[in-house]
>>> print(open('query-v6.cif').read())   # mmCIF, C-alpha atoms
data_model
loop_
_atom_site.label_atom_id
_atom_site.label_comp_id
_atom_site.auth_asym_id
_atom_site.auth_seq_id
_atom_site.Cartn_x
_atom_site.Cartn_y
_atom_site.Cartn_z
CA MET W 175 35.28 -235.99 -28.05
CA PRO W 176 34.42 -238.78 -25.51
CA LEU W 177 37.00 -239.73 -22.92
CA LYS W 178 38.98 -242.96 -23.21
CA ILE W 179 39.90 -244.57 -19.89
CA LYS W 180 43.60 -245.23 -19.37
CA SER W 181 43.40 -246.92 -15.96
CA VAL W 182 40.96 -247.72 -13.15
CA ASN W 183 41.87 -247.44 -9.47
CA ASN W 184 41.25 -250.92 -8.07
CA GLN W 185 40.17 -249.48 -4.70
CA THR W 186 37.13 -247.68 -6.16
CA ILE W 187 33.57 -248.51 -7.09
CA SER W 188 34.44 -248.19 -10.80
CA ASN W 189 36.64 -251.27 -10.55
CA ASN W 190 34.09 -253.13 -8.44
CA ILE W 191 31.31 -252.76 -10.99
CA GLY W 192 33.48 -253.68 -13.96
CA ILE W 193 34.54 -250.46 -15.68
CA GLN W 194 37.76 -251.25 -17.57
CA PRO W 195 40.75 -249.55 -19.20
CA ASN W 196 40.08 -248.65 -22.86
CA ASP W 197 36.38 -248.15 -22.13
CA ILE W 198 35.08 -244.86 -23.50
CA ILE W 199 32.74 -242.70 -21.41
CA ILE W 200 29.97 -241.44 -23.66
CA SER W 201 27.76 -239.69 -21.11
CA ILE W 202 26.98 -239.24 -17.42
CA ASN W 203 23.31 -238.66 -16.50
CA ASN W 204 22.62 -237.97 -20.20
CA HIS W 205 25.27 -235.24 -20.36
CA ASN W 206 27.86 -235.82 -23.09
CA ILE W 207 31.40 -236.12 -21.74
CA ASN W 208 33.92 -234.34 -23.95
CA ASP W 209 36.84 -233.75 -21.59
CA ILE W 210 38.10 -233.98 -18.03
CA ILE W 211 36.12 -230.92 -16.93
CA ASP W 212 32.82 -232.45 -18.09
CA TYR W 213 33.77 -235.64 -16.27
CA LYS W 214 34.63 -233.90 -12.98
CA PHE W 215 31.55 -231.70 -13.13
CA TYR W 216 28.96 -234.40 -13.84
CA GLN W 217 30.47 -237.25 -11.81
CA SER W 218 30.17 -235.28 -8.58
CA ASP W 219 26.50 -236.25 -8.09
CA GLU W 220 25.47 -239.09 -5.79
CA ASN W 221 23.43 -241.05 -8.34
CA LEU W 222 25.08 -241.62 -11.71
CA ARG W 223 24.00 -243.26 -14.92
CA ILE W 224 27.15 -243.77 -16.97
CA LYS W 225 27.07 -244.83 -20.61
CA ILE W 226 30.22 -246.69 -21.64
CA GLN W 227 31.35 -247.89 -25.06
CA ARG W 228 33.45 -251.06 -25.07
CA ASN W 229 34.60 -252.19 -28.48
CA ASN W 230 31.39 -252.02 -30.57
CA CYS W 231 28.99 -252.36 -27.65
CA GLN W 232 27.49 -249.85 -25.26
CA LYS W 233 26.85 -250.57 -21.59
CA ILE W 234 25.01 -248.64 -18.88
CA TYR W 235 26.34 -248.56 -15.31
CA LYS W 236 24.26 -247.19 -12.44
CA ILE W 237 26.30 -245.97 -9.47
CA LYS W 238 25.32 -244.63 -6.06
CA LYS W 239 28.17 -242.96 -4.21
CA GLU W 240 29.01 -240.17 -1.80
CA PHE W 241 28.63 -236.67 -3.20
CA SER W 242 31.82 -235.41 -4.93
CA LYS W 243 33.67 -238.71 -4.33
CA ASP W 244 35.83 -239.40 -7.38
CA LEU W 245 35.24 -242.51 -9.47
CA GLY W 246 38.97 -243.23 -9.65
CA LEU W 247 39.44 -243.08 -13.41
CA GLU W 248 42.50 -241.87 -15.29
CA PHE W 249 42.14 -240.88 -18.91
CA CYS W 250 44.22 -240.92 -22.07
CA GLY W 251 45.55 -237.68 -23.52
CA ILE W 252 43.05 -235.01 -24.48
CA ARG W 253 43.28 -232.71 -27.48
CA TYR W 254 43.20 -229.01 -26.68
CA ARG W 255 42.44 -226.05 -28.90
CA LYS W 256 45.21 -224.25 -30.68
CA CYS W 257 45.51 -220.49 -30.99
CA ASN W 258 44.09 -218.95 -34.17
CA CYS W 259 45.96 -215.66 -33.69
CA ASP W 260 49.25 -214.65 -35.26
CA CYS W 261 50.34 -212.03 -32.73
CA ILE W 262 53.12 -209.69 -33.76
CA PHE W 263 54.79 -210.43 -30.40
CA CYS W 264 54.14 -214.19 -30.22
CA PHE W 265 57.03 -215.84 -28.35
CA VAL W 266 56.45 -219.18 -30.08
CA ASN W 267 57.17 -217.54 -33.44
CA GLN W 268 60.60 -216.46 -32.19
CA MET W 269 61.60 -219.69 -30.45
CA HIS W 270 64.84 -221.60 -31.14
CA SER W 271 64.34 -224.46 -33.60
CA ASP W 272 65.90 -226.93 -31.12
CA ALA W 273 63.76 -225.93 -28.14
CA ARG W 274 61.65 -228.57 -26.41
CA SER W 275 58.50 -229.38 -28.34
CA SER W 276 56.07 -228.04 -25.73
CA LEU W 277 57.42 -224.52 -26.31
CA LYS W 278 56.31 -224.65 -29.95
CA ILE W 279 52.66 -225.32 -29.19
CA LYS W 280 50.22 -222.42 -29.43
CA ASP W 281 47.39 -223.45 -27.12
CA ASP W 282 44.38 -221.22 -26.56
CA ASP W 283 41.92 -223.38 -24.64
CA PHE W 284 39.59 -222.11 -21.92
CA ARG W 285 39.82 -225.49 -20.18
CA LEU W 286 43.59 -225.11 -19.75
CA SER W 287 43.00 -221.59 -18.50
CA PHE W 288 40.71 -222.90 -15.77
CA LEU W 289 42.80 -225.98 -14.94
CA LEU W 290 46.36 -224.63 -15.26
CA GLY W 291 46.17 -220.85 -15.45
CA ASN W 292 47.12 -220.67 -19.14
CA PHE W 293 46.25 -217.38 -20.81
CA ILE W 294 43.56 -217.33 -23.49
CA THR W 295 42.52 -214.72 -26.05
CA LEU W 296 38.73 -215.38 -26.22
CA THR W 297 39.03 -215.33 -30.02
CA ASN W 298 38.01 -218.97 -30.55
CA LEU W 299 35.09 -219.29 -28.13
CA THR W 300 31.59 -220.07 -29.38
CA ASP W 301 28.34 -219.09 -27.70
CA ALA W 302 28.11 -222.68 -26.45
CA ASP W 303 31.57 -222.31 -24.88
CA TYR W 304 30.51 -219.20 -23.00
CA GLN W 305 27.37 -220.94 -21.77
CA ARG W 306 29.43 -223.91 -20.61
CA ILE W 307 31.88 -221.65 -18.76
CA VAL W 308 28.97 -220.09 -16.91
CA GLU W 309 27.10 -223.36 -16.26
CA GLN W 310 30.16 -225.20 -14.94
CA ARG W 311 31.54 -222.16 -13.10
CA LEU W 312 34.92 -222.35 -14.82
CA SER W 313 36.44 -219.57 -12.76
CA PRO W 314 38.88 -217.93 -12.58
CA LEU W 315 40.02 -217.59 -16.18
CA TYR W 316 43.32 -216.02 -17.28
CA ILE W 317 42.84 -213.70 -20.23
CA SER W 318 45.28 -211.97 -22.58
CA VAL W 319 43.71 -208.58 -23.21
CA HIS W 320 46.64 -206.36 -24.30
CA THR W 321 44.24 -203.58 -25.28
CA THR W 322 40.49 -202.91 -25.11
CA ASN W 323 40.70 -201.02 -28.41
CA ASP W 324 39.25 -203.65 -30.77
CA LYS W 325 40.86 -202.23 -33.92
CA LEU W 326 44.29 -202.06 -32.29
CA ARG W 327 43.85 -205.48 -30.67
CA LYS W 328 43.12 -207.07 -34.04
CA GLU W 329 46.18 -205.38 -35.56
CA MET W 330 48.40 -206.62 -32.73
CA MET W 331 46.99 -210.14 -32.50
CA ARG W 332 46.07 -210.60 -36.18
CA TYR W 333 42.96 -212.74 -35.76
CA ARG W 334 40.25 -212.97 -38.40
CA VAL W 335 37.11 -213.15 -36.30
CA LYS W 336 35.12 -210.16 -35.12
CA ILE W 337 35.18 -209.77 -31.35
CA ASN W 338 34.29 -206.95 -29.00
CA ILE W 339 36.63 -207.68 -26.13
CA LYS W 340 34.85 -205.39 -23.66
CA GLU W 341 31.50 -207.04 -24.35
CA ARG W 342 32.99 -210.52 -23.91
CA LEU W 343 34.64 -209.59 -20.62
CA LYS W 344 31.45 -207.88 -19.44
CA PHE W 345 29.43 -211.03 -20.19
CA LEU W 346 31.80 -213.14 -18.11
CA ALA W 347 31.73 -210.59 -15.29
CA GLU W 348 27.93 -210.37 -15.26
CA ASN W 349 27.78 -214.14 -14.95
CA GLY W 350 30.09 -214.34 -11.97
CA ILE W 351 33.28 -215.49 -13.69
CA GLN W 352 36.44 -214.09 -12.13
CA MET W 353 39.31 -213.07 -14.41
CA HIS W 354 43.02 -212.41 -14.18
CA THR W 355 44.04 -210.23 -17.12
CA GLN W 356 47.38 -209.48 -18.71
CA ILE W 357 48.70 -206.74 -20.97
CA VAL W 358 51.88 -207.42 -22.92
CA LEU W 359 53.32 -203.93 -23.32
CA ILE W 360 54.71 -203.17 -26.78
CA PRO W 361 56.41 -199.81 -27.33
CA ASP W 362 54.70 -197.65 -29.98
CA TRP W 363 51.64 -199.92 -29.98
CA ASN W 364 49.68 -200.17 -26.73
CA GLU W 365 51.55 -197.78 -24.43
CA GLY W 366 50.58 -194.31 -23.23
CA ILE W 367 46.94 -193.33 -23.71
CA GLU W 368 46.05 -196.78 -25.05
CA LEU W 369 47.48 -198.45 -21.96
CA GLU W 370 45.66 -196.09 -19.60
CA ARG W 371 42.36 -196.62 -21.40
CA THR W 372 42.75 -200.38 -21.19
CA ILE W 373 43.60 -200.28 -17.48
CA PHE W 374 40.54 -198.22 -16.61
CA ASP W 375 38.24 -200.27 -18.87
CA LEU W 376 39.32 -203.41 -17.02
CA ALA W 377 39.03 -201.73 -13.62
CA GLU W 378 35.35 -201.03 -14.34
CA LEU W 379 34.80 -204.80 -14.18
CA TYR W 380 36.24 -205.18 -10.67
CA PRO W 381 35.73 -207.39 -8.66
CA SER W 382 35.19 -209.83 -11.52
CA VAL W 383 38.52 -208.65 -12.92
CA GLN W 384 40.66 -209.67 -9.97
CA SER W 385 44.04 -208.58 -11.32
CA ILE W 386 45.62 -206.61 -14.16
CA ALA W 387 49.26 -207.42 -14.90
CA ILE W 388 51.49 -205.48 -17.27
CA VAL W 389 54.47 -207.40 -18.66
CA PRO W 390 57.10 -206.15 -21.12
CA VAL W 391 57.20 -207.75 -24.55
CA GLY W 392 59.75 -210.56 -24.85
CA LEU W 393 62.04 -210.47 -27.89
CA THR W 394 64.57 -213.08 -29.01
CA LYS W 395 67.15 -212.99 -31.79
CA PHE W 396 64.84 -215.07 -34.00
CA ARG W 397 62.72 -212.28 -35.44
CA GLU W 398 63.73 -212.27 -39.08
CA GLY W 399 60.65 -211.60 -41.20
CA LEU W 400 58.54 -210.63 -38.21
CA THR W 401 57.01 -207.24 -37.39
CA PRO W 402 59.73 -204.87 -36.14
CA ILE W 403 59.33 -204.30 -32.40
CA ARG W 404 61.62 -202.43 -30.06
CA PRO W 405 62.07 -203.59 -26.46
CA VAL W 406 60.82 -201.77 -23.40
CA ASP W 407 63.68 -199.43 -22.43
CA GLU W 408 64.47 -197.72 -19.14
CA ASP W 409 62.59 -194.53 -20.01
CA LEU W 410 59.38 -196.37 -20.81
CA ALA W 411 59.80 -198.64 -17.78
CA LYS W 412 60.12 -195.59 -15.51
CA LYS W 413 56.99 -194.02 -17.01
CA VAL W 414 54.96 -197.21 -16.64
CA ILE W 415 56.06 -197.57 -13.01
CA SER W 416 55.15 -193.94 -12.29
CA ASP W 417 51.79 -194.11 -14.09
CA SER W 418 50.86 -197.44 -12.53
CA MET W 419 51.48 -196.12 -9.02
CA LYS W 420 49.07 -193.24 -9.72
CA TRP W 421 46.47 -195.68 -11.05
CA ARG W 422 46.93 -197.89 -8.01
CA ASP W 423 46.32 -194.94 -5.68
CA LYS W 424 43.06 -194.13 -7.48
CA PHE W 425 41.91 -197.73 -7.39
CA LYS W 426 42.77 -198.09 -3.70
CA GLN W 427 40.58 -195.11 -2.91
CA LYS W 428 37.71 -196.31 -5.10
CA LEU W 429 37.96 -200.10 -4.96
CA GLY W 430 40.04 -200.80 -1.88
CA THR W 431 42.79 -202.50 -3.89
CA GLY W 432 45.59 -201.37 -6.21
CA LEU W 433 44.49 -203.92 -8.85
CA VAL W 434 47.36 -203.15 -11.29
CA THR W 435 50.70 -204.89 -10.88
CA LEU W 436 53.87 -204.87 -12.95
CA ALA W 437 56.15 -207.70 -13.92
CA ASP W 438 59.43 -207.77 -11.98
CA GLU W 439 61.34 -206.81 -15.12
CA PHE W 440 60.14 -203.20 -14.96
CA PHE W 441 61.64 -202.65 -11.50
CA LEU W 442 64.80 -204.63 -12.22
CA LEU W 443 65.38 -202.81 -15.50
CA VAL W 444 65.53 -199.42 -13.79
CA ARG W 445 67.10 -200.78 -10.58
CA GLU W 446 64.16 -199.74 -8.42
CA GLU W 447 63.30 -201.46 -5.16
CA ILE W 448 60.98 -204.44 -5.50
CA PRO W 449 57.55 -203.75 -3.93
CA GLU W 450 56.51 -205.41 -0.71
CA GLU W 451 54.19 -208.43 -0.63
CA GLU W 452 51.06 -206.29 -0.14
CA TYR W 453 51.56 -204.91 -3.66
CA TYR W 454 51.00 -208.33 -5.25
CA ASN W 455 47.70 -209.19 -3.52
CA ASP W 456 48.42 -212.92 -2.98
CA PHE W 457 50.49 -213.25 -6.18
CA PRO W 458 47.77 -214.38 -8.64
CA GLN W 459 50.10 -213.93 -11.63
CA ILE W 460 53.42 -215.03 -10.21
CA GLU W 461 53.84 -217.54 -13.08
CA ASN W 462 53.66 -214.51 -15.37
CA GLY W 463 56.75 -213.06 -13.71
CA VAL W 464 54.78 -210.79 -11.40
CA GLY W 465 56.18 -211.08 -7.90
CA MET W 466 58.79 -213.82 -8.30
CA THR W 467 61.55 -211.55 -7.04
CA ARG W 468 59.59 -210.52 -3.95
CA LYS W 469 58.93 -214.21 -3.20
CA LEU W 470 62.63 -214.88 -3.61
CA LEU W 471 63.54 -212.11 -1.18
CA SER W 472 60.92 -213.13 1.37
CA GLU W 473 61.78 -216.83 1.27
CA TRP W 474 65.56 -216.68 0.81
CA ASP W 475 66.45 -217.78 4.34
CA THR W 476 64.08 -220.73 4.11
CA THR W 477 65.37 -221.60 0.65
CA VAL W 478 68.99 -221.58 1.77
CA GLY W 479 68.08 -223.51 4.92
CA SER W 480 66.77 -226.33 2.75
CA LEU W 481 70.20 -226.90 1.17
CA LYS W 482 71.57 -229.34 3.77
CA LEU W 483 75.20 -228.84 2.81
CA ASN W 484 77.81 -231.52 3.35
CA LYS W 485 80.65 -230.60 5.71
CA ASP W 486 83.20 -230.90 2.91
CA ILE W 487 81.53 -228.14 0.86
CA ASN W 488 83.77 -225.09 1.08
CA SER W 489 82.56 -223.08 -1.90
CA ILE W 490 79.33 -222.63 -3.82
CA THR W 491 78.64 -221.22 -7.26
CA ILE W 492 75.22 -219.76 -8.04
CA ILE W 493 74.12 -219.65 -11.67
CA THR W 494 71.84 -216.77 -12.59
CA ALA W 495 70.81 -214.48 -15.43
CA GLU W 496 71.61 -210.84 -16.12
CA LEU W 497 68.40 -209.19 -14.94
CA ILE W 498 68.28 -210.71 -11.46
CA TYR W 499 72.07 -210.73 -10.96
CA PRO W 500 72.26 -207.68 -8.62
CA ILE W 501 69.61 -209.20 -6.36
CA ILE W 502 71.33 -212.57 -6.22
CA LYS W 503 74.66 -210.92 -5.58
CA ASN W 504 73.32 -209.12 -2.51
CA LEU W 505 71.65 -212.28 -1.22
CA SER W 506 74.78 -214.34 -1.72
CA ASN W 507 76.82 -211.85 0.30
CA GLU W 508 74.44 -212.36 3.23
CA PHE W 509 74.61 -216.10 2.71
CA GLN W 510 78.39 -216.01 2.69
CA LYS W 511 78.52 -214.08 5.97
CA SER W 512 75.99 -216.34 7.69
CA TYR W 513 77.40 -219.69 6.62
CA LYS W 514 81.11 -218.83 6.40
CA ILE W 515 81.37 -220.35 2.97
CA ARG W 516 82.83 -218.86 -0.18
CA THR W 517 80.14 -217.97 -2.69
CA ASN W 518 80.65 -217.21 -6.36
CA ILE W 519 78.02 -215.98 -8.82
CA ILE W 520 78.07 -216.59 -12.55
CA LYS W 521 75.93 -214.34 -14.71
CA VAL W 522 75.05 -216.37 -17.79
CA LYS W 523 74.77 -214.63 -21.14
CA ASN W 524 71.82 -215.95 -23.17
CA GLU W 525 73.29 -216.95 -26.50
CA TYR W 526 70.60 -219.54 -27.13
CA LEU W 527 67.78 -216.99 -27.58
CA GLY W 528 69.82 -213.82 -27.78
CA GLU W 529 71.23 -211.26 -25.38
CA THR W 530 67.93 -209.36 -25.21
CA VAL W 531 66.62 -212.30 -23.14
CA THR W 532 67.86 -211.71 -19.59
CA VAL W 533 65.65 -213.80 -17.25
CA THR W 534 66.56 -217.06 -15.49
CA GLY W 535 63.41 -218.82 -16.67
CA LEU W 536 64.75 -218.73 -20.22
CA LEU W 537 68.29 -219.97 -19.56
CA SER W 538 69.33 -222.93 -21.68
CA CYS W 539 71.36 -225.96 -20.67
CA SER W 540 73.89 -225.21 -23.40
CA ASP W 541 74.58 -221.68 -22.15
CA VAL W 542 74.86 -222.86 -18.54
CA ILE W 543 77.28 -225.64 -19.50
CA LYS W 544 79.44 -223.15 -21.38
CA ALA W 545 79.47 -220.76 -18.40
CA ILE W 546 80.41 -223.55 -15.98
CA LYS W 547 83.28 -224.73 -18.17
CA GLU W 548 84.64 -221.22 -18.52
CA ASN W 549 84.67 -220.51 -14.76
CA ASP W 550 86.03 -221.95 -11.55
CA CYS W 551 82.88 -223.32 -9.97
CA GLY W 552 84.11 -224.75 -6.67
CA ASP W 553 82.48 -227.66 -4.82
CA LEU W 554 78.78 -227.19 -5.55
CA ILE W 555 76.75 -225.47 -8.28
CA LEU W 556 73.25 -224.15 -7.61
CA LEU W 557 70.83 -223.73 -10.52
CA PRO W 558 67.59 -221.71 -10.47
CA GLU W 559 64.51 -223.91 -10.31
CA ASN W 560 62.62 -221.94 -12.92
CA MET W 561 65.03 -222.83 -15.73
CA PHE W 562 63.37 -226.26 -15.61
CA ASN W 563 59.74 -227.09 -16.33
CA GLU W 564 57.60 -229.28 -14.06
CA ASP W 565 59.12 -232.37 -15.70
CA GLY W 566 62.66 -231.18 -14.98
CA ILE W 567 63.39 -230.27 -18.61
CA THR W 568 65.26 -227.15 -19.74
CA LEU W 569 64.44 -224.83 -22.59
CA ASP W 570 66.70 -226.85 -24.92
CA ASP W 571 65.24 -230.20 -23.86
CA LYS W 572 67.91 -231.29 -21.36
CA THR W 573 67.86 -232.46 -17.74
CA ILE W 574 69.98 -231.82 -14.66
CA ASP W 575 71.58 -235.22 -15.25
CA ASP W 576 72.71 -233.99 -18.67
CA LEU W 577 74.30 -231.01 -16.96
CA ARG W 578 76.06 -233.18 -14.40
CA LYS W 579 77.32 -235.59 -17.03
CA GLU W 580 78.60 -232.83 -19.32
CA THR W 581 80.33 -230.80 -16.59
CA GLY W 582 81.31 -233.50 -14.09
CA LYS W 583 80.14 -231.19 -11.29
CA GLU W 584 77.90 -231.64 -8.27
CA ILE W 585 74.77 -229.66 -9.08
CA LYS W 586 71.60 -228.92 -7.15
CA ILE W 587 68.42 -227.10 -8.08
CA LEU W 588 67.36 -224.32 -5.73
CA LYS W 589 64.21 -222.25 -5.72
CA PHE W 590 65.51 -218.78 -6.63
#
>>> encode(input="query-v6.cif", output="structure tokens")
Amino acid sequence: MPLKIKSVNNQTISNNIGIQPNDIIISINNHNINDIIDYKFYQSDENLRIKIQRNNCQKIYKIKKEFSKDLGLEFCGIRYRKCNCDCIFCFVNQMHSDARSSLKIKDDDFRLSFLLGNFITLTNLTDADYQRIVEQRLSPLYISVHTTNDKLRKEMMRYRVKINIKERLKFLAENGIQMHTQIVLIPDWNEGIELERTIFDLAELYPSVQSIAIVPVGLTKFREGLTPIRPVDEDLAKKVISDSMKWRDKFKQKLGTGLVTLADEFFLLVREEIPEEEYYNDFPQIENGVGMTRKLLSEWDTTVGSLKLNKDINSITIITAELIYPIIKNLSNEFQKSYKIRTNIIKVKNEYLGETVTVTGLLSCSDVIKAIKENDCGDLILLPENMFNEDGITLDDKTIDDLRKETGKEIKILKF
């Protein structure tokens, strides 16, 4: 679908030659322009022949510019592909009905994977898509594998197409596309032998497969009518930690890197020490909950130093969730000693999604408000940054201003 121009930077050649808002870019150098990636890829040349549609007329603009210099165009919203799977563990299917609208969208678009690091399943890609990925070097991609057993993968993800996941990954690897892969671990489904087979199948594609992350399945209270799934318990978490360390040792000897990493939840669940930074190999899947706690520990002093407290602040309350509570408690004790200020921690119970959800990134405004009202919160309340999205919106579609208005408290967001 051609791109419609929203605005034109008046300091660029596009404005000088007469390209206007609401113009539609049809092609650049005879290449059809379907999305922002096509635009960025083909507009990087020095000599451009741009076909524009304006109302019912088409115009041709010839531009000579510096290589890779942007044309200064901003575009209207682009439609992205939706997921055609119906995974038994899909978090969207178990989301609260009042959650913000973006959490109810099932996207599965390779362009978003390249641009934003969104995970894709490879179940809706055509041969033309694969060729485009290779031609435009759309790398790295973030891929939800879960298992390399095709029969099991289809049962877990419930897609209708036929796909050999190992062949698809091998094609990308042979064509120089790097991949970050994830495995959502579901007890009784893809654990044990199946998990080990998947890990070693993916490791065969190193260095194209740059990382393999294992994350525990997330379950909310909204699972009525869905496939019964039990959560990852302490026994399974301990086994996965033990097995993964053995796999890492083998991969270090053979590949020079551990390759496999676990989500923080595994270590927190069994109260094991969080690995050092070397374990995470530059944190390629930190947004997937792999290494957030280590980052928190490493950057705590800097984070606290950014607070810039007023002199009249005598007490601070830190809001957190159940899983990370012991870590925050230890850090707050150090903070209290260093800054001579009384620190209180409130562990918020997740009633919005259910008590099985124990991470700060899924705290709701409503649960936080309730916790604040039920406790003595002192002079300043600190909220974890990851309970807000990039637009400053919570899970239940509220802002920090909503929190301040509802509680009447001074509140700041801190990266923890």
>>> closest_residue(input="query-v6.cif", among="W:Val478, W:Val464, W:Cys539, W:Leu222", to="W:Asp575", atoms="all atoms listed in the file")
W:Cys539
>>> resolve_selection(input="query-v6.cif", expression="the PyMOL selection byres ((chain W and resi 485) around 12)", output="ChimeraX atom specification")
/W:481-484,486-489,513-515,553-554
>>> residues_near_point(input="query-v6.cif", point="(33.6, -251.7, -28.1)", cutoff="12 Å", atoms="all atoms listed in the file", output="PyMOL selection string")
chain W and resi 178+194-200+226-233
>>> write_last_selection(input="query-v6.cif", atoms="C-alpha atoms", output="CSV table (one decimal), in the frame of the given file")
chain,number,residue,atom,x,y,z
W,178,LYS,CA,39.0,-243.0,-23.2
W,194,GLN,CA,37.8,-251.2,-17.6
W,195,PRO,CA,40.8,-249.6,-19.2
W,196,ASN,CA,40.1,-248.6,-22.9
W,197,ASP,CA,36.4,-248.2,-22.1
W,198,ILE,CA,35.1,-244.9,-23.5
W,199,ILE,CA,32.7,-242.7,-21.4
W,200,ILE,CA,30.0,-241.4,-23.7
W,226,ILE,CA,30.2,-246.7,-21.6
W,227,GLN,CA,31.4,-247.9,-25.1
W,228,ARG,CA,33.4,-251.1,-25.1
W,229,ASN,CA,34.6,-252.2,-28.5
W,230,ASN,CA,31.4,-252.0,-30.6
W,231,CYS,CA,29.0,-252.4,-27.6
W,232,GLN,CA,27.5,-249.8,-25.3
W,233,LYS,CA,26.8,-250.6,-21.6
>>> atom_distance(input="query-v6.cif", atom1="atom CA of W:Ala411", atom2="atom CA of W:Phe440")
5.4 Å
>>> residues_around(input="query-v6.cif", residues="W:Gln310", least_positions_apart="6", cutoff="12 Å", atoms="only C-alpha atoms", output="number ranges by chain")
W: 211-216, 218, 285, 288, 302-304, 349-351
>>> closest_residue(input="query-v6.cif", among="W:Thr477, W:Gln352, W:Ser540, W:Ser382", to="W:Ser287", atoms="all atoms listed in the file")
W:Gln352
>>> residues_around(input="query-v6.cif", residues="stretch 244-251 of chain W", least_positions_apart="4", cutoff="8 Å", atoms="only C-alpha atoms", output="tab-separated table (two decimals) with C-alpha atoms, in the frame of the given file")
chain	number	residue	atom	x	y	z
W	177	LEU	CA	37.00	-239.73	-22.92
W	178	LYS	CA	38.98	-242.96	-23.21
W	179	ILE	CA	39.90	-244.57	-19.89
W	180	LYS	CA	43.60	-245.23	-19.37
W	181	SER	CA	43.40	-246.92	-15.96
W	182	VAL	CA	40.96	-247.72	-13.15
W	183	ASN	CA	41.87	-247.44	-9.47
W	186	THR	CA	37.13	-247.68	-6.16
W	187	ILE	CA	33.57	-248.51	-7.09
W	188	SER	CA	34.44	-248.19	-10.80
W	214	LYS	CA	34.63	-233.90	-12.98
W	217	GLN	CA	30.47	-237.25	-11.81
W	218	SER	CA	30.17	-235.28	-8.58
>>> axis_aligned_box(input="query-v6.cif", around="stretch 472-484 of chain W", padding_each_side="4 Å", output="AutoDock Vina command-line options")
--center_x 69.4 --center_y -222.3 --center_z 2.8 --size_x 24.9 --size_y 26.4 --size_z 12.3
>>> resolve_selection(input="query-v6.cif", expression="the PyMOL selection byres ((chain W and resi 322-337) around 10)", output="PyMOL selection string")
chain W and resi 257-264+295-298+319-321+338-343+357+360+363-364+368-369+371-376+401
>>> atom_distance(input="query-v6.cif", atom1="atom CA of W:Lys395", atom2="atom CA of W:Gln268")
7.4 Å
>>> atom_distance(input="query-v6.cif", atom1="atom CA of W:Asn208", atom2="atom CA of W:Lys238")
22.4 Å
>>> closest_residue(input="query-v6.cif", among="W:Leu299, W:Leu536, W:Ile210, W:Ile193", to="W:Asp282", atoms="only C-alpha atoms")
W:Leu299
>>> residues_around(input="query-v6.cif", residues="W:Gly463", least_positions_apart="5", cutoff="9 Å", atoms="only C-alpha atoms", output="ChimeraX atom specification")
/W:389,436-439
>>> residues_near_point(input="query-v6.cif", point="(61.7, -222.7, -7.7)", cutoff="8 Å", atoms="all atoms listed in the file", output="ChimeraX atom specification")
/W:558-560,588-590
